[in-house]
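Okay, coords_25.txt is below, compact mmCIF, C-alpha atoms:
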# COMPACT_ATOMS: atom_id res chain seq x y z
CA MET A 1 0.00 0.00 0.00
CA THR A 2 1.37 3.39 -1.03
CA SER A 3 1.92 5.84 1.81
CA GLU A 4 0.53 9.38 1.71
CA ILE A 5 4.08 10.72 1.36
CA ALA A 6 4.89 8.34 -1.51
CA GLY A 7 1.64 9.24 -3.27
CA ARG A 8 2.29 12.96 -2.90
CA TYR A 9 5.84 12.58 -4.23
CA ARG A 10 4.68 10.50 -7.19
CA ARG A 11 2.00 13.02 -8.16
CA ARG A 12 4.47 15.90 -8.01
CA ALA A 13 7.17 13.96 -9.87
CA ASP A 14 4.66 13.09 -12.59
CA ALA A 15 3.84 16.78 -13.03
CA PHE A 16 7.51 17.76 -13.12
CA GLU A 17 8.32 14.97 -15.58
CA ARG A 18 5.59 16.18 -17.93
CA LYS A 19 7.18 19.62 -17.94
CA VAL A 20 10.65 18.19 -18.64
CA ALA A 21 9.24 16.10 -21.50
CA ALA A 22 7.56 19.18 -23.02
CA VAL A 23 10.75 21.26 -23.26
CA HIS A 24 11.89 21.75 -26.86
CA PRO A 25 15.60 21.08 -27.54
CA ASP A 26 16.26 24.76 -28.29
CA GLN A 27 14.73 25.84 -24.94
CA TRP A 28 17.20 24.17 -22.58
CA SER A 29 19.58 27.13 -22.60
CA ARG A 30 16.84 29.67 -21.81
CA PRO A 31 17.22 31.64 -18.57
CA SER A 32 15.02 30.66 -15.64
CA PRO A 33 13.55 32.69 -12.76
CA CYS A 34 16.46 31.37 -10.64
CA ALA A 35 19.28 33.85 -11.20
CA GLN A 36 22.17 32.36 -13.21
CA TRP A 37 20.26 29.13 -13.93
CA THR A 38 19.06 27.97 -17.32
CA ALA A 39 16.11 25.64 -17.81
CA ARG A 40 18.59 22.75 -17.90
CA ASP A 41 20.11 23.91 -14.61
CA VAL A 42 16.69 23.71 -12.94
CA VAL A 43 16.46 20.02 -13.85
CA ARG A 44 20.10 19.52 -12.82
CA HIS A 45 19.29 20.95 -9.39
CA ILE A 46 16.31 18.64 -8.97
CA VAL A 47 18.39 15.59 -9.95
CA ASP A 48 21.15 16.71 -7.55
CA MET A 49 18.60 17.05 -4.75
CA HIS A 50 17.41 13.49 -5.40
CA ALA A 51 21.02 12.40 -4.92
CA ALA A 52 21.12 14.37 -1.65
CA MET A 53 18.11 12.40 -0.38
CA LEU A 54 20.00 9.14 -0.91
CA ARG A 55 23.30 10.12 0.75
CA PRO A 56 22.17 9.84 4.40
CA LEU A 57 21.20 6.24 3.60
CA GLY A 58 24.61 5.43 2.12
CA ARG A 59 23.11 5.21 -1.36
CA SER A 60 23.73 7.09 -4.60
CA LEU A 61 21.94 7.60 -7.88
CA SER A 62 21.90 4.64 -10.25
CA PRO A 63 23.99 4.94 -13.43
CA ALA A 64 22.09 7.03 -15.96
CA PRO A 65 22.66 9.68 -18.64
CA THR A 66 23.56 13.09 -17.23
CA VAL A 67 21.25 16.10 -17.38
CA ASP A 68 23.55 17.47 -20.08
CA ASP A 69 23.04 14.33 -22.17
CA ASP A 70 19.32 13.71 -21.59
CA PRO A 71 17.44 15.70 -18.91
CA LEU A 72 14.30 13.56 -19.15
CA VAL A 73 16.06 10.21 -18.74
CA ALA A 74 18.26 11.64 -15.96
CA PHE A 75 15.19 12.78 -14.02
CA ARG A 76 13.33 9.50 -14.57
CA ALA A 77 16.29 7.54 -13.23
CA ALA A 78 16.65 9.80 -10.18
CA ARG A 79 12.96 9.60 -9.30
CA ALA A 80 13.06 5.80 -9.63
CA ASP A 81 15.84 5.71 -7.01
CA VAL A 82 13.81 7.86 -4.61
CA GLU A 83 10.60 5.93 -5.26
CA ALA A 84 12.44 2.71 -4.39
CA ILE A 85 13.00 4.15 -0.90
CA LEU A 86 9.45 5.44 -0.50
CA ASP A 87 7.99 2.11 -1.64
CA ASP A 88 10.05 0.08 0.85
CA PRO A 89 8.66 0.49 4.39
CA VAL A 90 11.99 -0.47 5.95
CA LEU A 91 14.02 2.03 3.91
CA ALA A 92 11.35 4.74 4.27
CA ALA A 93 11.54 4.48 8.06
CA LEU A 94 15.34 4.67 8.31
CA PRO A 95 16.58 7.60 10.43
CA CYS A 96 18.39 10.45 8.68
CA ASP A 97 20.48 13.28 10.06
CA THR A 98 19.51 16.42 8.15
CA PRO A 99 20.41 20.14 8.39
CA THR A 100 17.07 20.72 10.14
CA GLY A 101 17.37 17.76 12.54
CA PRO A 102 16.78 14.02 12.65
CA MET A 103 13.84 12.55 10.72
CA THR A 104 12.93 9.45 8.74
CA ALA A 105 14.04 9.02 5.14
CA GLU A 106 10.51 9.49 3.85
CA GLN A 107 10.02 12.65 5.94
CA HIS A 108 13.28 14.02 4.55
CA ILE A 109 12.16 13.32 0.98
CA ASP A 110 8.72 14.82 1.67
CA GLN A 111 10.06 18.03 3.20
CA VAL A 112 12.88 18.65 0.75
CA VAL A 113 12.78 17.26 -2.77
CA SER A 114 9.05 16.55 -2.88
CA ASP A 115 8.25 20.09 -1.73
CA ASP A 116 10.81 21.40 -4.24
CA LEU A 117 9.15 19.80 -7.27
CA PRO A 118 6.14 22.15 -7.58
CA LEU A 119 8.30 25.26 -7.01
CA HIS A 120 10.98 24.28 -9.51
CA GLY A 121 8.26 23.05 -11.82
CA TRP A 122 7.11 26.66 -11.91
CA ASP A 123 10.67 27.76 -12.71
CA LEU A 124 10.94 25.28 -15.57
CA ALA A 125 7.49 26.08 -16.92
CA ARG A 126 8.08 29.83 -16.81
CA ALA A 127 11.48 29.45 -18.50
CA THR A 128 10.03 27.35 -21.34
CA SER A 129 6.65 29.05 -21.86
CA GLN A 130 4.54 26.22 -20.43
CA ASP A 131 1.50 26.35 -18.15
CA ASP A 132 3.02 27.34 -14.80
CA THR A 133 -0.09 26.86 -12.66
CA MET A 134 0.78 25.02 -9.45
CA ASP A 135 -1.60 22.58 -7.77
CA PRO A 136 -3.68 24.72 -5.34
CA GLY A 137 -3.30 22.07 -2.64
CA ASP A 138 0.48 22.20 -2.98
CA VAL A 139 0.40 26.00 -2.78
CA GLU A 140 -1.75 25.92 0.36
CA ARG A 141 0.44 23.26 1.99
CA ALA A 142 3.67 25.09 1.15
CA TRP A 143 2.31 28.44 2.37
CA ALA A 144 1.27 26.92 5.70
CA ALA A 145 4.70 25.33 6.09
CA MET A 146 6.53 28.57 5.26
CA LYS A 147 4.49 30.65 7.70
CA ALA A 148 5.16 28.10 10.45
CA LEU A 149 8.95 28.38 10.13
CA PRO A 150 10.68 30.23 12.99
CA ALA A 151 12.08 33.63 11.97
CA GLU A 152 15.68 32.59 12.71
CA LEU A 153 15.36 29.53 10.45
CA MET A 154 13.84 31.64 7.68
CA ASP A 155 16.78 34.04 7.98
CA LYS A 156 19.15 31.09 7.59
CA LEU A 157 17.19 29.79 4.61
CA ARG A 158 17.59 33.21 2.97
CA THR A 159 21.37 33.30 3.65
CA PRO A 160 23.42 32.04 0.69
CA GLY A 161 25.79 29.25 1.73
CA ALA A 162 24.18 28.67 5.15
CA PHE A 163 23.48 25.03 4.29
CA GLY A 164 26.71 24.46 2.35
CA PRO A 165 28.84 26.05 -0.37
CA GLY A 166 26.81 27.28 -3.31
CA ILE A 167 23.46 26.40 -1.70
CA GLU A 168 20.87 29.16 -1.73
CA VAL A 169 17.47 28.00 -0.50
CA PHE A 170 15.35 31.18 -0.65
CA GLY A 171 16.04 34.63 -2.00
CA PRO A 172 14.92 37.93 -0.46
CA GLN A 173 11.14 38.31 -0.34
CA VAL A 174 9.70 40.07 -3.41
CA GLN A 175 7.13 42.81 -2.83
CA ILE A 176 3.85 42.22 -4.67
CA GLU A 177 0.26 43.46 -4.50
CA ASP A 178 -1.88 42.65 -1.46
CA ASN A 179 -4.55 41.10 -3.69
CA ALA A 180 -2.10 38.78 -5.49
CA SER A 181 -3.06 35.13 -5.92
CA PRO A 182 -1.98 32.56 -3.30
CA GLN A 183 0.49 31.12 -5.80
CA ASP A 184 2.07 34.52 -6.46
CA LYS A 185 2.26 35.27 -2.72
CA LEU A 186 4.06 31.97 -2.13
CA LEU A 187 6.50 32.58 -4.97
CA ALA A 188 7.23 36.11 -3.78
CA PHE A 189 7.76 34.88 -0.21
CA ILE A 190 10.50 32.46 -1.30
CA GLY A 191 12.19 35.08 -3.45
CA ARG A 192 10.69 34.55 -6.89
CA ASP A 193 9.22 37.41 -8.90
CA PRO A 194 5.85 36.10 -10.18
CA ARG A 195 6.01 38.71 -12.96
CA TRP A 196 9.30 37.33 -14.32
CA ARG A 197 9.41 36.40 -18.00
CA PRO A 198 12.34 35.00 -20.04

Please express what this file holds, its structure, as structure tokens.
Amino acid sequence: MTSEIAGRYRRRADAFERKVAAVHPDQWSRPSPCAQWTARDVVRHIVDMHAAMLRPLGRSLSPAPTVDDDPLVAFRAARADVEAILDDPVLAALPCDTPTGPMTAEQHIDQVVSDDLPLHGWDLARATSQDDTMDPGDVERAWAAMKALPAELMDKLRTPGAFGPGIEVFGPQVQIEDNASPQDKLLAFIGRDPRWRP
């Protein structure tokens, strides 16, 4: 029986995979809303984060083409490795030491890479002129989680390099209209400009 966490991850990974599959070859070098990242770099980050979910368990990504060679196949291989953990109750329950404290492997996946998929799906969609509408349930869940974070942790999340060299979790909050949509408010809160266009 699939857990709630595994089901949520699979739904989000399906949505992200559809966006990767819809990118035209000449769009991979387009800029993205993430400063200094191209559309290809967005997928590279997501694949790298899948690898980061495996490391606390002493595992690594299975051999596969790189994001430079084939972004779609690289993502499919990475998600298969993560799904193998989520679908195994023993592996899913293994303890992990994470930058935000100890938790199970499935909790780590749920709070990091699974939560990342809708946000970076927006980045990829916006960079490649696709539908960038996020699932309203994901927006509501992410907004509740963000507002519950202690101020000192949010400051750390906005500090480049606080979680390791080259890691920037959130940018400075972007000012938008009070009557903006929930999706735009979430994006602005984590440092994205909802008005950004390539």

Excluding Pro118 in chain A and residues on its chain fewer than 6 positions from it, collect all residues at most 9 Å away from it, counting all atoms listed in the file, and give them as a PDB file with C-alpha atoms, in the coordinates of the input.
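part_33.pdb, written as the output of this step:
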ATOM      1  CA  ARG A  12       4.470  15.900  -8.010  1.00  0.00           C
ATOM      2  CA  ALA A  13       7.170  13.960  -9.870  1.00  0.00           C
ATOM      3  CA  ALA A  15       3.840  16.780 -13.030  1.00  0.00           C
ATOM      4  CA  PHE A  16       7.510  17.760 -13.120  1.00  0.00           C
ATOM      5  CA  MET A 134       0.780  25.020  -9.450  1.00  0.00           C
ATOM      6  CA  ASP A 135      -1.600  22.580  -7.770  1.00  0.00           C
ATOM      7  CA  ASP A 138       0.480  22.200  -2.980  1.00  0.00           C
ATOM      8  CA  VAL A 139       0.400  26.000  -2.780  1.00  0.00           C
TER       9      VAL A 139
END

- Query: What separation in Å, quoted to one decimal, exists between CA of Ile190 in chain A and CA of Ala74 in chain A?
  - Reply: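 Separation between CA of Ile190 in chain A and CA of Ala74 in chain A: 26.6 Å.
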
- Message: Counting all atoms listed in the file, which residue out of A:Ala6, A:Leu153, A:Ala64, A:Ala105 sits closest to Ala52 in chain A?
- Response: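 For Ala52 in chain A, the nearest of the candidates is A:Ala105.
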
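Using only C-alpha atoms, the protein and nucleic acid residues lying no more than 10 Å from His50 in chain A, apart from those fewer than 2 places from it along its own chain, are A:Arg44, A:His45, A:Ile46, A:Val47, A:Asp48, A:Ala52, A:Met53, A:Leu54, A:Arg55, A:Ser60, A:Leu61, A:Phe75, A:Ala77, A:Ala78, A:Arg79, A:Ala80, A:Asp81, A:Val82, A:Ile109, A:Val112, A:Val113, A:Ser114.
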
- Message: Report, in Å with one decimal, the straight-line distance from CA of Gln27 in chain A to CA of Thr66 in chain A.
- Response: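 So the answer is 17.3 Å.
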
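Remark: for His108 in chain A, the closest of the candidate residues A:Ala84, A:Ile5, A:Val23, A:Val42 is A:Ile5 (distances computed over only C-alpha atoms).
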
- Note on the structure: Across A:Gln173, A:Asn179, A:Leu186, A:Trp143, the smallest distance to Asp155 in chain A, with only C-alpha atoms counted, is shown by A:Gln173

- Item | Coordinates-based distance that separates CA of Thr128 in chain A from CA of Ala188 in chain A (Å, one decimal) |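 Interatomic distance here is 19.8 Å.
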
- Query: Near Arg197 in chain A, within 10 Å and counting all atoms listed in the file, which residues show up once chain neighbours fewer than 5 positions away are dropped, as a PyMOL selection string?
  - Reply: chain A and resi 31-33+126-129

- Restricting to all atoms listed in the file, whichever of A:Thr98, A:Gln111, A:Ser181, A:Gln36 is closest to Glu140 in chain A is A:Ser181

- Message: Using all atoms listed in the file - which residues lie no farther than 10 Å from the point (10.0, 36.0, -2.3) in the file's frame? Write them as a PyMOL selection string.
- Response: chain A and resi 158+170-176+184-194

- Counting only C-alpha atoms, figure out which residue out of A:Leu124, A:Pro99, A:Pro182, A:Asp131 gets nearest to Leu157 in chain A.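 Nearest candidate to Leu157 in chain A out of A:Leu124, A:Pro99, A:Pro182, A:Asp131: A:Pro99.
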
- Across A:Glu4, A:Ala35, A:Asp110, A:Arg40, the smallest distance to Trp196 in chain A, with all atoms listed in the file counted, is shown by A:Ala35
